[in-house]
Amino acid sequence: MDVQAVRARIAEAAARGGRSAATVTIVAVTKGWPVERVREAAAAGLAEIGESRVQEALAKQAAWPDGPVHWHLVGHLQSNKVRSAVGRFALIHSLDSIRLADALEQAAAAAGLVQDVLVEVNAARDPHKTGVLPEHAGRLVAHAWTLPHLKVRGLMVMAPLTDDEAVIRGTFSGLRELRDRLATTCRLPPASWHLSMGMSNDFEIAVEEGATLVRLGTILFGERKP
Ligand SMILES: *Cc1c(COP(=O)(O)O)cnc(C)c1O
């Protein structure tokens, strides 16, 4: 795991984007890997750990209960997993419907905590992908904003699978513009909201375009075995 090399690439991309690399945090995505990878990541200074599935994340948390890391849910959250997920993740990146917001609110209220979330946007408008359509994001943010046990901390996107850099860049800059607009309607400085965007194959473009959280798996841990 060559974290230094990845950090150097992030720093260069941040410089190209005219930003400070200190505003970019790596979320190390350990899905498909055993808890040993989480320990290695933590030893390498990566304190933010991303998982795609609730059950897999909870199993690793149980295997390392006092691990000095923060867990992120980067994958889709099914409504039947809401109760087990609430309070177990520092940040849930995948709020994508009003129904899910209401379920999270109810579970967080019952648990007596406030759950931090990002609104996931389906920027490519792909019917097979998760995320709220861009034109419905404002309504979802406004709704979630009224819920006392949910805290919207920003937006998340996955770029479409393509080699067309202009399409990828447009996805990321579009999310940044949407973030700036929606944070402003919540009377917040846009920079106080996260932009979770960029994976192993496109994180440099994401950082150039303003990513504050990059979700990296393969580039840190190698190809997952099927
Ligand atoms: C798996 C996954 C990642 C990490 O992808 P890599 O290409 O391995 O870096 C990031 N975000 C989400 C939502 C994922 O499911």
# chains A, B, ... in the order shown; residues from 1 in each chain; ligands from 1
$ residues_near_ligand --ligand "ligand 1" --cutoff "12 Å" --atoms "only C-alpha atoms and all ligand atoms" --output "VMD selection string"
chain A and resid 6 26 to 33 49 to 53 72 to 77 92 to 94 120 to 122 129 to 131 156 to 161 196 to 204 213 to 225
$ closest_atom_pairs --of "range 121-156 of chain A" --to "range 95-113 of chain A" --cutoff "10 Å" --atoms "only C-alpha atoms" --output "Markdown table"
| residue | atom | partner | partner_atom | distance |
| --- | --- | --- | --- | --- |
| A:Val121 | CA | A:Asp96 | CA | 7.1 |
| A:Asn122 | CA | A:Asp96 | CA | 8.7 |
| A:Thr130 | CA | A:Asp96 | CA | 7.2 |
| A:Gly131 | CA | A:Asp96 | CA | 4.8 |
| A:Val132 | CA | A:Asp96 | CA | 4.9 |
| A:Leu133 | CA | A:Asp96 | CA | 8.6 |
| A:His136 | CA | A:Ser97 | CA | 9.2 |
| A:Ala137 | CA | A:Asp96 | CA | 8.3 |
| A:Arg139 | CA | A:Ile98 | CA | 8.6 |
| A:Leu140 | CA | A:Ile98 | CA | 5.9 |
| A:Val141 | CA | A:Ile98 | CA | 8.9 |
| A:Ala142 | CA | A:Ile98 | CA | 10.0 |
| A:His143 | CA | A:Ile98 | CA | 7.1 |
| A:Ala144 | CA | A:Ala101 | CA | 6.1 |
| A:Trp145 | CA | A:Ala101 | CA | 9.8 |
| A:Leu147 | CA | A:Glu105 | CA | 6.4 |
| A:Pro148 | CA | A:Glu105 | CA | 7.5 |
| A:His149 | CA | A:Glu105 | CA | 5.4 |
| A:Leu150 | CA | A:Glu105 | CA | 5.9 |
| A:Lys151 | CA | A:Glu105 | CA | 9.7 |
| A:Val152 | CA | A:Leu95 | CA | 9.2 |
| A:Leu155 | CA | A:Leu95 | CA | 9.1 |
| A:Met156 | CA | A:Leu95 | CA | 9.0 |
$ select_by_dssp --residues "chain A" --states "strand (DSSP E or B)" --output "compact mmCIF listing (two decimals) with C-alpha atoms, in the first residue's frame"
# COMPACT_ATOMS: atom_id res chain seq x y z
CA THR A 25 -9.37 13.40 2.88
CA ILE A 26 -8.87 9.83 1.69
CA VAL A 27 -11.63 7.39 2.54
CA ALA A 28 -9.94 3.98 2.26
CA VAL A 29 -12.51 1.58 0.80
CA GLU A 48 -11.43 7.10 7.39
CA ILE A 49 -12.62 3.67 6.26
CA GLY A 50 -15.29 3.10 3.60
CA GLU A 51 -17.50 0.05 3.25
CA HIS A 70 -14.16 6.34 11.42
CA TRP A 71 -16.43 4.20 9.31
CA HIS A 72 -18.17 5.48 6.18
CA LEU A 73 -21.01 3.75 4.35
CA LEU A 91 -20.96 9.38 7.62
CA ILE A 92 -23.50 7.69 5.36
CA HIS A 93 -22.73 8.78 1.77
CA SER A 94 -25.86 7.39 0.15
CA LEU A 95 -29.02 9.21 1.20
CA GLN A 115 -26.66 10.82 11.93
CA ASP A 116 -24.42 12.64 9.45
CA VAL A 117 -25.29 11.98 5.82
CA LEU A 118 -24.40 12.96 2.28
CA VAL A 119 -27.01 13.16 -0.45
CA GLU A 120 -26.01 10.88 -3.32
CA VAL A 121 -26.77 12.34 -6.72
CA VAL A 132 -31.41 11.11 -6.45
CA LEU A 150 -30.18 13.94 10.38
CA LYS A 151 -27.38 16.27 9.47
CA VAL A 152 -26.69 16.87 5.80
CA ARG A 153 -22.95 17.33 5.38
CA GLY A 154 -22.71 17.49 1.60
CA LEU A 155 -23.13 15.57 -1.64
CA MET A 156 -21.76 12.38 -3.17
CA VAL A 157 -21.52 11.22 -6.77
CA HIS A 194 -18.34 17.89 1.59
CA LEU A 195 -18.00 16.73 -1.99
CA SER A 196 -17.52 12.96 -1.92
CA LEU A 213 -13.51 13.13 0.23
CA VAL A 214 -11.99 10.71 -2.29
CA ARG A 215 -13.09 7.09 -1.98
CA LEU A 216 -10.14 4.86 -2.86
$ select_by_dssp --residues "range 30-78 of chain A" --states "helix (DSSP H, G or I)" --output "ChimeraX atom specification"
/A:35-43,54-63
$ residues_around --residues "Pro68 in chain A" --least-positions-apart "2" --cutoff "12 Å" --atoms "only C-alpha atoms" --output "number ranges by chain"
A: 38-43, 45-49, 61, 64-66, 70-71
$ write_last_selection --atoms "N, CA and C atoms" --output "mmCIF file, in the first residue's frame"
data_model
loop_
_atom_site.group_PDB
_atom_site.id
_atom_site.type_symbol
_atom_site.label_atom_id
_atom_site.label_comp_id
_atom_site.auth_asym_id
_atom_site.auth_seq_id
_atom_site.Cartn_x
_atom_site.Cartn_y
_atom_site.Cartn_z
ATOM 1 N N VAL A 38 -7.975 -3.099 7.118
ATOM 2 C CA VAL A 38 -8.376 -1.906 7.875
ATOM 3 C C VAL A 38 -7.266 -1.533 8.853
ATOM 4 N N ARG A 39 -6.700 -2.542 9.502
ATOM 5 C CA ARG A 39 -5.595 -2.283 10.445
ATOM 6 C C ARG A 39 -4.396 -1.696 9.711
ATOM 7 N N GLU A 40 -4.095 -2.249 8.516
ATOM 8 C CA GLU A 40 -2.963 -1.732 7.736
ATOM 9 C C GLU A 40 -3.202 -0.278 7.327
ATOM 10 N N ALA A 41 -4.432 -0.015 6.910
ATOM 11 C CA ALA A 41 -4.755 1.352 6.507
ATOM 12 C C ALA A 41 -4.569 2.306 7.681
ATOM 13 N N ALA A 42 -5.078 1.908 8.837
ATOM 14 C CA ALA A 42 -4.958 2.758 10.023
ATOM 15 C C ALA A 42 -3.488 2.977 10.378
ATOM 16 N N ALA A 43 -2.687 1.909 10.265
ATOM 17 C CA ALA A 43 -1.257 2.023 10.575
ATOM 18 C C ALA A 43 -0.568 2.971 9.599
ATOM 19 N N GLY A 45 -1.887 5.604 8.510
ATOM 20 C CA GLY A 45 -2.378 6.957 8.748
ATOM 21 C C GLY A 45 -3.720 7.256 8.110
ATOM 22 N N LEU A 46 -4.397 6.219 7.606
ATOM 23 C CA LEU A 46 -5.707 6.433 6.988
ATOM 24 C C LEU A 46 -6.786 6.139 8.034
ATOM 25 N N ALA A 47 -7.424 7.164 8.523
ATOM 26 C CA ALA A 47 -8.358 7.001 9.644
ATOM 27 C C ALA A 47 -9.806 6.914 9.186
ATOM 28 N N GLU A 48 -10.060 7.156 7.906
ATOM 29 C CA GLU A 48 -11.429 7.104 7.387
ATOM 30 C C GLU A 48 -11.551 5.852 6.532
ATOM 31 N N ILE A 49 -12.484 4.970 6.907
ATOM 32 C CA ILE A 49 -12.619 3.668 6.264
ATOM 33 C C ILE A 49 -13.994 3.561 5.613
ATOM 34 N N GLN A 61 -16.231 -4.009 12.222
ATOM 35 C CA GLN A 61 -16.255 -3.199 13.446
ATOM 36 C C GLN A 61 -16.205 -4.099 14.672
ATOM 37 N N TRP A 64 -12.806 -5.449 15.306
ATOM 38 C CA TRP A 64 -11.823 -4.463 15.792
ATOM 39 C C TRP A 64 -12.576 -3.328 16.486
ATOM 40 N N PRO A 65 -13.196 -3.644 17.625
ATOM 41 C CA PRO A 65 -14.113 -2.689 18.268
ATOM 42 C C PRO A 65 -13.439 -1.398 18.716
ATOM 43 N N ASP A 66 -12.147 -1.477 19.059
ATOM 44 C CA ASP A 66 -11.489 -0.247 19.522
ATOM 45 C C ASP A 66 -10.579 0.337 18.451
ATOM 46 N N HIS A 70 -12.759 5.960 11.648
ATOM 47 C CA HIS A 70 -14.155 6.340 11.424
ATOM 48 C C HIS A 70 -14.676 5.558 10.225
ATOM 49 N N TRP A 71 -15.863 5.028 10.374
ATOM 50 C CA TRP A 71 -16.434 4.204 9.309
ATOM 51 C C TRP A 71 -17.375 5.031 8.447
#
